[in-house]
$ cat structure13.txt   # compact mmCIF, C-alpha atoms
# COMPACT_ATOMS: atom_id res chain seq x y z
CA MET A 414 1.35 -6.60 18.24
CA SER A 415 -0.72 -6.43 21.42
CA GLU A 416 -4.17 -7.97 21.28
CA HIS A 417 -5.90 -4.72 22.28
CA LEU A 418 -4.68 -3.25 18.97
CA TYR A 419 -6.29 -5.95 16.83
CA LYS A 420 -9.58 -3.99 16.77
CA TYR A 421 -7.88 -1.39 14.55
CA LEU A 422 -6.95 -3.96 11.89
CA ARG A 423 -8.66 -5.79 9.07
CA PRO A 424 -7.28 -9.29 9.68
CA GLU A 425 -8.33 -10.50 6.22
CA ALA A 426 -5.77 -8.09 4.69
CA PHE A 427 -2.86 -9.72 6.52
CA PRO A 428 -0.05 -10.74 6.11
CA THR A 429 1.19 -7.34 4.96
CA PRO A 430 2.30 -6.91 1.31
CA PHE A 431 5.74 -5.65 2.41
CA CYS A 432 8.97 -7.55 1.80
CA ALA A 433 10.55 -9.46 4.67
CA GLY A 434 12.29 -6.91 6.84
CA CYS A 435 10.53 -3.78 5.55
CA GLY A 436 10.44 -0.99 8.11
CA HIS A 437 6.96 0.14 7.07
CA GLY A 438 5.37 -2.55 9.24
CA ILE A 439 7.06 -1.04 12.29
CA LEU A 440 5.65 2.36 11.33
CA MET A 441 2.19 0.75 11.04
CA ASN A 442 2.58 -0.54 14.60
CA ALA A 443 3.73 2.90 15.83
CA ILE A 444 0.76 4.71 14.25
CA LEU A 445 -1.75 2.28 15.78
CA ARG A 446 -0.11 2.61 19.20
CA ALA A 447 -0.25 6.41 18.94
CA VAL A 448 -3.96 6.28 18.02
CA ASP A 449 -4.62 3.87 20.91
CA GLU A 450 -2.73 5.94 23.50
CA LEU A 451 -4.58 9.10 22.44
CA GLN A 452 -7.93 7.20 22.58
CA LEU A 453 -8.97 8.69 19.23
CA ASP A 454 -12.26 7.59 17.65
CA PHE A 455 -11.17 5.43 14.72
CA ASN A 456 -14.46 6.12 12.93
CA LYS A 457 -13.66 9.85 12.82
CA ILE A 458 -10.27 9.37 11.17
CA VAL A 459 -9.65 9.29 7.41
CA PHE A 460 -6.33 7.86 6.26
CA VAL A 461 -5.24 9.11 2.84
CA SER A 462 -2.37 7.56 0.93
CA GLY A 463 -0.94 7.83 -2.56
CA ILE A 464 0.97 5.23 -4.56
CA GLY A 465 4.05 3.37 -3.46
CA CYS A 466 5.22 1.01 -0.74
CA GLY A 467 4.50 3.52 2.03
CA ALA A 468 0.95 4.04 0.79
CA TRP A 469 0.14 0.41 1.62
CA ILE A 470 0.48 1.11 5.35
CA PRO A 471 -3.11 2.31 5.96
CA SER A 472 -5.00 1.31 2.87
CA PRO A 473 -6.23 -2.26 3.22
CA HIS A 474 -5.01 -2.79 6.79
CA PHE A 475 -6.63 -0.17 9.02
CA ALA A 476 -10.30 -0.60 9.98
CA ALA A 477 -10.96 3.11 9.43
CA ASP A 478 -11.97 5.04 6.32
CA THR A 479 -9.07 4.95 3.87
CA LEU A 480 -8.47 6.63 0.53
CA HIS A 481 -5.89 5.16 -1.83
CA THR A 482 -5.46 7.99 -4.31
CA LEU A 483 -3.51 9.05 -7.39
CA HIS A 484 0.28 9.07 -7.39
CA GLY A 485 1.56 12.14 -5.60
CA ARG A 486 -1.84 13.62 -4.79
CA PRO A 487 -2.74 12.37 -1.29
CA ILE A 488 -2.43 15.86 0.23
CA ALA A 489 -4.72 17.31 -2.43
CA TYR A 490 -7.36 14.67 -1.65
CA ALA A 491 -6.85 15.16 2.09
CA THR A 492 -7.42 18.90 1.71
CA GLY A 493 -10.72 18.12 0.02
CA VAL A 494 -11.75 15.73 2.80
CA LYS A 495 -10.87 18.30 5.45
CA LEU A 496 -12.77 21.07 3.65
CA PHE A 497 -15.87 18.91 3.22
CA ASN A 498 -16.01 17.80 6.86
CA PRO A 499 -13.70 19.72 9.21
CA ASP A 500 -14.68 17.46 12.14
CA LEU A 501 -12.75 14.56 10.64
CA LYS A 502 -9.15 13.94 11.57
CA VAL A 503 -7.25 13.51 8.30
CA ILE A 504 -3.95 11.65 8.35
CA VAL A 505 -1.82 11.32 5.20
CA ILE A 506 0.59 8.37 5.15
CA SER A 507 2.69 8.03 2.05
CA GLY A 508 6.18 7.41 0.80
CA ASP A 509 9.00 9.77 -0.05
CA GLY A 510 8.63 9.28 -3.79
CA ASP A 511 4.98 10.19 -3.42
CA LEU A 512 5.24 13.19 -1.08
CA ALA A 513 8.67 14.59 -1.97
CA ALA A 514 9.09 13.83 -5.66
CA ILE A 515 5.84 13.87 -7.61
CA GLY A 516 3.76 15.52 -4.89
CA GLY A 517 6.38 17.98 -3.67
CA ASN A 518 4.33 21.01 -4.64
CA HIS A 519 1.28 19.79 -2.73
CA LEU A 520 3.46 19.28 0.35
CA ILE A 521 4.96 22.76 0.40
CA HIS A 522 1.65 24.49 -0.34
CA ALA A 523 -0.26 22.52 2.31
CA ALA A 524 2.45 23.57 4.77
CA ARG A 525 2.21 27.18 3.60
CA ARG A 526 -1.57 27.22 3.96
CA ASN A 527 -1.24 25.53 7.38
CA ILE A 528 -4.14 23.14 6.74
CA GLU A 529 -4.91 20.94 9.74
CA LEU A 530 -3.44 17.70 8.39
CA THR A 531 -1.07 15.15 9.86
CA VAL A 532 1.38 14.06 7.17
CA ILE A 533 3.53 11.02 7.92
CA CYS A 534 6.22 10.36 5.31
CA ALA A 535 7.44 6.75 5.25
CA ASN A 536 10.86 7.69 3.94
CA ASN A 537 12.79 4.63 2.73
CA SER A 538 15.05 6.85 0.56
CA ILE A 539 14.42 4.86 -2.62
CA TYR A 540 11.65 4.01 -5.12
CA GLY A 541 11.10 0.55 -3.67
CA MET A 542 8.05 -0.62 -5.60
CA THR A 543 9.38 0.10 -9.08
CA GLY A 544 12.74 -1.60 -8.64
CA GLY A 545 15.04 0.63 -6.63
CA GLN A 546 15.60 3.83 -8.62
CA VAL A 547 17.19 6.89 -7.03
CA SER A 548 14.70 9.14 -5.22
CA PRO A 549 14.98 12.77 -4.02
CA THR A 550 15.81 11.57 -0.50
CA THR A 551 18.51 9.01 -1.39
CA PRO A 552 21.64 9.86 0.65
CA LYS A 553 24.71 11.14 -1.20
CA TYR A 554 27.07 8.37 -2.46
CA ALA A 555 24.42 5.64 -1.90
CA LYS A 556 24.21 3.03 -4.65
CA THR A 557 20.85 2.42 -6.33
CA MET A 558 19.76 0.76 -9.54
CA THR A 559 20.09 3.99 -11.54
CA THR A 560 23.18 5.33 -9.72
CA ALA A 561 25.48 2.31 -9.73
CA LYS A 562 28.57 4.39 -8.90
CA GLY A 563 26.92 6.25 -6.03
CA ASN A 564 24.34 9.03 -5.93
CA PRO A 565 26.13 12.27 -6.91
CA GLU A 566 23.32 14.55 -5.69
CA GLU A 567 22.46 15.99 -2.31
CA PRO A 568 19.18 14.67 -0.86
CA PHE A 569 16.13 16.73 0.07
CA ASP A 570 15.82 17.63 3.74
CA LEU A 571 12.03 17.40 3.98
CA CYS A 572 11.92 18.65 7.57
CA LYS A 573 13.82 21.87 6.87
CA LEU A 574 11.69 22.33 3.74
CA THR A 575 8.38 22.10 5.62
CA VAL A 576 9.68 24.27 8.50
CA ALA A 577 10.62 26.93 5.97
CA CYS A 578 7.14 26.70 4.43
CA GLY A 579 5.48 27.33 7.80
CA ALA A 580 4.44 23.95 9.16
CA ARG A 581 3.32 24.02 12.79
CA TYR A 582 4.97 20.78 13.96
CA VAL A 583 7.85 19.03 12.19
CA SER A 584 9.93 16.11 13.39
CA ARG A 585 12.04 13.27 12.07
CA TYR A 586 12.72 9.88 13.63
CA THR A 587 13.80 6.50 12.37
CA VAL A 588 11.74 3.37 12.97
CA TYR A 589 14.54 2.16 15.21
CA HIS A 590 13.78 5.00 17.68
CA ILE A 591 10.34 3.55 18.25
CA LYS A 592 9.32 5.16 21.57
CA PRO A 593 10.19 8.77 20.57
CA LEU A 594 8.55 8.06 17.22
CA ILE A 595 5.26 7.06 18.90
CA ASN A 596 5.38 10.20 21.08
CA SER A 597 6.13 12.33 18.04
CA ILE A 598 3.18 10.87 16.08
CA LYS A 599 0.96 11.58 19.09
CA LYS A 600 2.12 15.21 19.15
CA ALA A 601 1.57 15.49 15.39
CA MET A 602 -1.96 14.10 15.66
CA THR A 603 -2.91 16.63 18.36
CA THR A 604 -1.35 19.64 16.59
CA LYS A 605 -3.77 22.34 15.47
CA GLY A 606 -2.26 23.02 12.06
CA PHE A 607 0.00 21.30 9.58
CA ALA A 608 2.08 18.56 11.20
CA PHE A 609 4.79 16.64 9.37
CA VAL A 610 6.65 13.56 10.62
CA ASP A 611 9.49 12.22 8.46
CA VAL A 612 10.01 8.57 9.37
CA VAL A 613 13.24 7.05 8.05
CA SER A 614 12.41 3.44 7.28
CA PRO A 615 14.86 0.77 6.12
CA CYS A 616 14.41 -1.01 2.78
CA PRO A 617 16.66 -4.09 2.81
CA THR A 618 15.32 -5.45 -0.47
CA GLN A 619 16.08 -2.52 -2.77
CA PHE A 620 18.37 -0.21 -0.80
CA GLY A 621 20.16 -2.50 1.65
CA ARG A 622 21.36 -5.19 -0.66
CA ARG A 623 23.04 -2.66 -2.96
CA ASN A 624 24.72 -0.95 0.00
CA LYS A 625 26.13 -3.94 1.88
CA GLN A 626 23.28 -4.11 4.43
CA PRO A 627 21.15 -7.03 3.23
CA THR A 628 19.19 -7.62 6.46
CA LEU A 629 17.01 -5.38 8.58
CA TYR A 630 19.32 -5.77 11.57
CA GLU A 631 22.32 -4.48 9.59
CA MET A 632 20.23 -1.54 8.36
CA PHE A 633 19.23 -0.84 11.97
CA ASN A 634 22.90 -0.70 12.97
CA ASP A 635 23.49 1.74 10.11
CA LEU A 636 20.56 3.92 11.22
CA LYS A 637 21.91 3.87 14.77
CA ALA A 638 25.35 4.99 13.58
CA ARG A 639 24.01 7.73 11.30
CA ALA A 640 21.35 9.21 13.58
CA ILE A 641 22.28 12.43 15.34
CA ARG A 642 20.13 14.61 17.61
CA TYR A 643 18.88 17.96 16.28
CA GLU A 644 20.39 19.78 19.27
CA THR A 645 23.81 18.19 18.63
CA ALA A 646 23.64 18.82 14.90
CA LYS A 647 23.16 22.58 15.41
CA GLY A 648 26.80 23.08 16.35
CA LEU A 649 28.25 21.03 13.49
CA LYS A 650 29.39 22.17 10.04
CA LYS A 651 27.73 21.08 6.82
CA ASP A 652 30.57 18.74 5.82
CA GLU A 653 30.30 16.85 9.10
CA LEU A 654 26.58 16.29 8.56
CA THR A 655 26.93 14.57 5.15
CA GLY A 656 25.19 11.20 5.34
CA LYS A 657 23.86 11.84 8.85
CA ILE A 658 20.17 11.58 9.79
CA ILE A 659 19.14 14.49 12.01
CA ILE A 660 16.43 13.23 14.37
CA GLY A 661 14.27 15.23 16.75
CA GLU A 662 11.73 18.02 16.68
CA PHE A 663 12.60 20.80 14.29
CA ASN A 664 10.45 23.71 15.46
CA GLU A 665 10.28 23.91 19.21
CA MET B 691 2.60 -20.23 30.97
CA GLU B 692 2.93 -19.57 27.24
CA LYS B 693 3.11 -15.80 27.10
CA ILE B 694 4.83 -15.29 23.73
CA LYS B 695 2.45 -15.67 20.80
CA LEU B 696 4.06 -15.92 17.37
CA ASN B 697 1.60 -15.64 14.50
CA ARG B 698 3.32 -17.83 11.93
CA LYS B 699 0.79 -17.00 9.22
CA TRP B 700 1.89 -13.34 9.31
CA CYS B 701 5.64 -13.92 9.87
CA LYS B 702 7.92 -13.56 6.83
CA GLY B 703 11.09 -14.66 8.55
CA CYS B 704 13.17 -11.46 8.42
CA GLY B 705 14.94 -12.61 11.58
CA LEU B 706 14.97 -9.26 13.39
CA CYS B 707 13.58 -10.84 16.58
CA ILE B 708 16.49 -13.30 16.70
CA GLU B 709 19.06 -10.53 16.40
CA ILE B 710 17.40 -7.93 18.61
CA CYS B 711 16.33 -10.16 21.52
CA PRO B 712 18.72 -9.64 24.46
CA LYS B 713 17.87 -13.07 25.93
CA ASN B 714 18.09 -15.34 22.84
CA VAL B 715 14.46 -16.41 23.03
CA TYR B 716 14.02 -16.95 19.28
CA ASP B 717 15.69 -19.26 16.82
CA ARG B 718 15.17 -20.62 13.31
CA GLU B 719 14.06 -24.06 12.30
CA ALA B 720 16.69 -26.26 10.67
CA LYS B 721 14.77 -26.94 7.48
CA VAL B 722 13.34 -24.56 4.90
CA SER B 723 9.55 -24.58 5.02
CA THR B 724 7.12 -24.51 2.09
CA LYS B 725 7.01 -20.69 2.43
CA GLY B 726 10.61 -20.56 1.23
CA PHE B 727 12.55 -19.64 4.37
CA LYS B 728 13.62 -21.13 7.66
CA GLU B 729 10.72 -20.30 9.96
CA ILE B 730 11.14 -18.57 13.31
CA ILE B 731 10.40 -20.54 16.48
CA VAL B 732 10.15 -19.53 20.15
CA LYS B 733 13.01 -21.64 21.45
CA ASN B 734 13.48 -20.50 25.06
CA PRO B 735 10.24 -18.85 26.27
CA ASP B 736 11.31 -19.13 29.91
CA LEU B 737 14.23 -16.73 29.36
CA CYS B 738 11.93 -13.88 28.22
CA ASN B 739 12.12 -10.80 30.46
CA GLN B 740 9.21 -9.10 28.66
CA CYS B 741 11.15 -6.09 27.40
CA GLN B 742 8.73 -6.03 24.41
CA LEU B 743 11.43 -5.00 21.91
CA CYS B 744 10.39 -7.76 19.52
CA GLU B 745 6.71 -6.84 19.83
CA LEU B 746 7.38 -3.15 19.14
CA LEU B 747 9.82 -3.74 16.28
CA CYS B 748 8.35 -6.79 14.51
CA PRO B 749 7.73 -5.55 10.93
CA ASP B 750 4.94 -8.07 10.34
CA LEU B 751 3.07 -7.46 13.63
CA ALA B 752 3.38 -11.18 14.29
CA ILE B 753 4.61 -11.20 17.91
CA THR B 754 2.38 -10.66 20.95
CA ILE B 755 3.78 -10.66 24.47
CA GLU B 756 1.29 -10.92 27.31
CA LYS B 757 2.34 -9.31 30.55
CA THR B 758 1.78 -11.66 33.46
CA LYS B 759 0.51 -10.45 36.85
CA LYS B 760 3.79 -11.38 38.50
CA ASP B 761 5.75 -9.20 36.11
CA ALA B 762 3.27 -6.36 36.51
CA LYS B 763 4.20 -6.29 40.20
CA VAL B 764 7.89 -6.23 39.32
CA ASN B 765 7.34 -3.22 37.09
CA LYS B 766 5.74 -1.26 39.92
$ encode --input "structure13.txt" --output "structure tokens"
Amino acid sequence: MSEHLYKYLRPEAFPTPFCAGCGHGILMNAILRAVDELQLDFNKIVFVSGIGCGAWIPSPHFAADTLHTLHGRPIAYATGVKLFNPDLKVIVISGDGDLAAIGGNHLIHAARRNIELTVICANNSIYGMTGGQVSPTTPKYAKTMTTAKGNPEEPFDLCKLTVACGARYVSRYTVYHIKPLINSIKKAMTTKGFAFVDVVSPCPTQFGRRNKQPTLYEMFNDLKARAIRYETAKGLKKDELTGKIIIGEFNE
Amino acid sequence: MEKIKLNRKWCKGCGLCIEICPKNVYDREAKVSTKGFKEIIVKNPDLCNQCQLCELLCPDLAITIEKTKKDAKVNK
């Protein structure tokens, strides 16, 4: 990480608590770069996170105000912060188990109310912290601890869900597509209204080793093979899109 | 002219930099360290073309690449 970004960190909190090869560290880098390129005042930002691996991205590491809240309720807390002081920029960073599973109702209603929040979902498609159980965003046929013969269920498409609920800016990228991801986070942070960025992040420890991708590099190759642009995906049938990750901006 | 800084306190040895570097700058040490893995070393710093892939993608924020003045001219 560049030395001009060190001012945004609390060095005593490092090294990060993530496993070796966790994609959440890359997302941490991307968020700090987006904040730096926009020249935002770090003292006027509040980072809110819930419980889970993804919630560790802001909480002890960023030298801004951070709230580490109840499981599934970061958007509820963030709404309170925004109502109390509308001048603050409120950014929610949390995992898929937090935002999609237990906090799914908060997500859809914050999108419906169009509250000015930036929600970044660190989507590693598994419950990483608790041992690798199946989550609502686990791809179909993927093996997890609780679905040893492959996940029989269709995953949530969080982007289409939030678009349908009325979010102002919605996009999805993987941590491998780092430059578009930084630009997308910048757009989300400057959106007047509810902005949602779904960041697909690899989890080699819990997801990869059960699906024959034990290192981060092998998971990156898998992300590269599965990623498909939103414009390309429009012309394809539903069967052809099974297992694919649609990346891009969803409401242009 | 040491322009690649590797923070070995923060590095967890996932090995992404070794695989993703187009110029084979990084390598692992031969022996397992007290941290429990073969630590990453900057083996060929002269080969680095400063593409910054490793700096952008390092999951532990451990790599810093300083752009030299000479390379800044090349980029223009």
$ closest_atom_pairs --input "structure13.txt" --of "chain B" --to "chain A" --cutoff "9 Å" --atoms "only C-alpha atoms" --output "tab-separated table"
residue	atom	partner	partner_atom	distance
B:Lys699	CA	A:Pro428	CA	7.0
B:Trp700	CA	A:Pro428	CA	4.6
B:Cys701	CA	A:Pro428	CA	7.5
B:Lys702	CA	A:Ala433	CA	5.3
B:Gly703	CA	A:Ala433	CA	6.5
B:Cys704	CA	A:Gly434	CA	4.9
B:Gly705	CA	A:Gly434	CA	7.9
B:Leu706	CA	A:Tyr630	CA	5.9
B:Glu709	CA	A:Tyr630	CA	6.8
B:Ile710	CA	A:Tyr630	CA	7.6
B:Glu745	CA	A:Met414	CA	5.6
B:Leu746	CA	A:Met414	CA	7.0
B:Leu747	CA	A:Ile439	CA	5.6
B:Cys748	CA	A:Ile439	CA	6.3
B:Pro749	CA	A:Gly438	CA	4.2
B:Asp750	CA	A:Gly438	CA	5.6
B:Leu751	CA	A:Met414	CA	5.0
B:Ala752	CA	A:Met414	CA	6.4
B:Ile753	CA	A:Met414	CA	5.6
B:Thr754	CA	A:Met414	CA	5.0
B:Ile755	CA	A:Ser415	CA	6.9
B:Glu756	CA	A:Ser415	CA	7.7
$ write_last_selection --input "structure13.txt" --atoms "C-alpha atoms" --output "short mmCIF file (atom, residue, chain, number, x, y, z; two decimals), in the coordinates of the input"
data_model
loop_
_atom_site.label_atom_id
_atom_site.label_comp_id
_atom_site.auth_asym_id
_atom_site.auth_seq_id
_atom_site.Cartn_x
_atom_site.Cartn_y
_atom_site.Cartn_z
CA LYS B 699 0.79 -17.00 9.22
CA TRP B 700 1.89 -13.34 9.31
CA CYS B 701 5.64 -13.92 9.87
CA LYS B 702 7.92 -13.56 6.83
CA GLY B 703 11.09 -14.66 8.55
CA CYS B 704 13.17 -11.46 8.42
CA GLY B 705 14.94 -12.61 11.58
CA LEU B 706 14.97 -9.26 13.39
CA GLU B 709 19.06 -10.53 16.40
CA ILE B 710 17.40 -7.93 18.61
CA GLU B 745 6.71 -6.84 19.83
CA LEU B 746 7.38 -3.15 19.14
CA LEU B 747 9.82 -3.74 16.28
CA CYS B 748 8.35 -6.79 14.51
CA PRO B 749 7.73 -5.55 10.93
CA ASP B 750 4.94 -8.07 10.34
CA LEU B 751 3.07 -7.46 13.63
CA ALA B 752 3.38 -11.18 14.29
CA ILE B 753 4.61 -11.20 17.91
CA THR B 754 2.38 -10.66 20.95
CA ILE B 755 3.78 -10.66 24.47
CA GLU B 756 1.29 -10.92 27.31
#
$ residues_near_point --input "structure13.txt" --point "(12.4, 3.6, -12.7)" --cutoff "12 Å" --atoms "all atoms listed in the file" --output "list in words"
Gly510, Ile539, Tyr540, Gly541, Met542, Thr543, Gly544, Gly545, Gln546, Val547, Ser548, Thr557, Met558, Thr559 and Thr560 of chain A
$ closest_atom_pairs --input "structure13.txt" --of "segment 414-487 of chain A" --to "segment 602-607 of chain A" --cutoff "12 Å" --atoms "all atoms listed in the file" --output "JSON lines"
{"residue": "A:Ile444", "atom": "CA", "partner": "A:Met602", "partner_atom": "CA", "distance": 9.9}
{"residue": "A:Leu445", "atom": "CA", "partner": "A:Met602", "partner_atom": "CA", "distance": 11.8}
{"residue": "A:Ala447", "atom": "CA", "partner": "A:Met602", "partner_atom": "CA", "distance": 8.5}
{"residue": "A:Val448", "atom": "CA", "partner": "A:Met602", "partner_atom": "CA", "distance": 8.4}
{"residue": "A:Asp449", "atom": "CA", "partner": "A:Met602", "partner_atom": "CA", "distance": 11.8}
{"residue": "A:Glu450", "atom": "CA", "partner": "A:Met602", "partner_atom": "CA", "distance": 11.3}
{"residue": "A:Leu451", "atom": "CA", "partner": "A:Thr603", "partner_atom": "CA", "distance": 8.7}
{"residue": "A:Gln452", "atom": "CA", "partner": "A:Met602", "partner_atom": "CA", "distance": 11.5}
{"residue": "A:Leu453", "atom": "CA", "partner": "A:Met602", "partner_atom": "CA", "distance": 9.5}
{"residue": "A:Ile458", "atom": "CA", "partner": "A:Met602", "partner_atom": "CA", "distance": 10.6}
$ atom_distance --input "structure13.txt" --atom1 "atom CA of Ile659 of chain A" --atom2 "atom CA of Tyr643 of chain A"
5.5 Å
$ residues_around --input "structure13.txt" --residues "Arg585 of chain A" --least-positions-apart "6" --cutoff "6 Å" --atoms "only C-alpha atoms" --output "list in words"
Val610, Asp611, Val612, Ile660 and Gly661 of chain A
$ atom_distance --input "structure13.txt" --atom1 "atom CA of Arg486 of chain A" --atom2 "atom CA of Ile504 of chain A"
13.5 Å
$ residues_around --input "structure13.txt" --residues "His484 of chain A" --least-positions-apart "2" --cutoff "12 Å" --atoms "all atoms listed in the file" --output "JSON, numbers by chain"
{"A": [461, 462, 463, 464, 465, 466, 467, 468, 481, 482, 486, 487, 488, 489, 490, 507, 508, 509, 510, 511, 512, 513, 514, 515, 516, 517, 519]}
$ write_last_selection --input "structure13.txt" --atoms "C-alpha atoms" --output "PDB file, keeping the file's coordinate frame"
ATOM      1  CA  VAL A 461      -5.240   9.110   2.840  1.00  0.00           C
ATOM      2  CA  SER A 462      -2.370   7.560   0.930  1.00  0.00           C
ATOM      3  CA  GLY A 463      -0.940   7.830  -2.560  1.00  0.00           C
ATOM      4  CA  ILE A 464       0.970   5.230  -4.560  1.00  0.00           C
ATOM      5  CA  GLY A 465       4.050   3.370  -3.460  1.00  0.00           C
ATOM      6  CA  CYS A 466       5.220   1.010  -0.740  1.00  0.00           C
ATOM      7  CA  GLY A 467       4.500   3.520   2.030  1.00  0.00           C
ATOM      8  CA  ALA A 468       0.950   4.040   0.790  1.00  0.00           C
ATOM      9  CA  HIS A 481      -5.890   5.160  -1.830  1.00  0.00           C
ATOM     10  CA  THR A 482      -5.460   7.990  -4.310  1.00  0.00           C
ATOM     11  CA  ARG A 486      -1.840  13.620  -4.790  1.00  0.00           C
ATOM     12  CA  PRO A 487      -2.740  12.370  -1.290  1.00  0.00           C
ATOM     13  CA  ILE A 488      -2.430  15.860   0.230  1.00  0.00           C
ATOM     14  CA  ALA A 489      -4.720  17.310  -2.430  1.00  0.00           C
ATOM     15  CA  TYR A 490      -7.360  14.670  -1.650  1.00  0.00           C
ATOM     16  CA  SER A 507       2.690   8.030   2.050  1.00  0.00           C
ATOM     17  CA  GLY A 508       6.180   7.410   0.800  1.00  0.00           C
ATOM     18  CA  ASP A 509       9.000   9.770  -0.050  1.00  0.00           C
ATOM     19  CA  GLY A 510       8.630   9.280  -3.790  1.00  0.00           C
ATOM     20  CA  ASP A 511       4.980  10.190  -3.420  1.00  0.00           C
ATOM     21  CA  LEU A 512       5.240  13.190  -1.080  1.00  0.00           C
ATOM     22  CA  ALA A 513       8.670  14.590  -1.970  1.00  0.00           C
ATOM     23  CA  ALA A 514       9.090  13.830  -5.660  1.00  0.00           C
ATOM     24  CA  ILE A 515       5.840  13.870  -7.610  1.00  0.00           C
ATOM     25  CA  GLY A 516       3.760  15.520  -4.890  1.00  0.00           C
ATOM     26  CA  GLY A 517       6.380  17.980  -3.670  1.00  0.00           C
ATOM     27  CA  HIS A 519       1.280  19.790  -2.730  1.00  0.00           C
TER      28      HIS A 519
END
$ atom_distance --input "structure13.txt" --atom1 "atom CA of Tyr582 of chain A" --atom2 "atom CA of Asn664 of chain A"
6.4 Å
$ residues_around --input "structure13.txt" --residues "Gln740 of chain B" --least-positions-apart "3" --cutoff "10 Å" --atoms "all atoms listed in the file" --output "ChimeraX atom specification"
/B:693-694,713,737,743-745,755-758,761
$ closest_residue --input "structure13.txt" --among "A:Val505, A:Ala555, A:Leu480, A:Val613" --to "Cys572 of chain A" --atoms "only C-alpha atoms"
A:Val613
$ residues_around --input "structure13.txt" --residues "Ile731 of chain B" --least-positions-apart "5" --cutoff "10 Å" --atoms "all atoms listed in the file" --output "VMD selection string"
chain B and resid 696 698 703 708 715 to 719
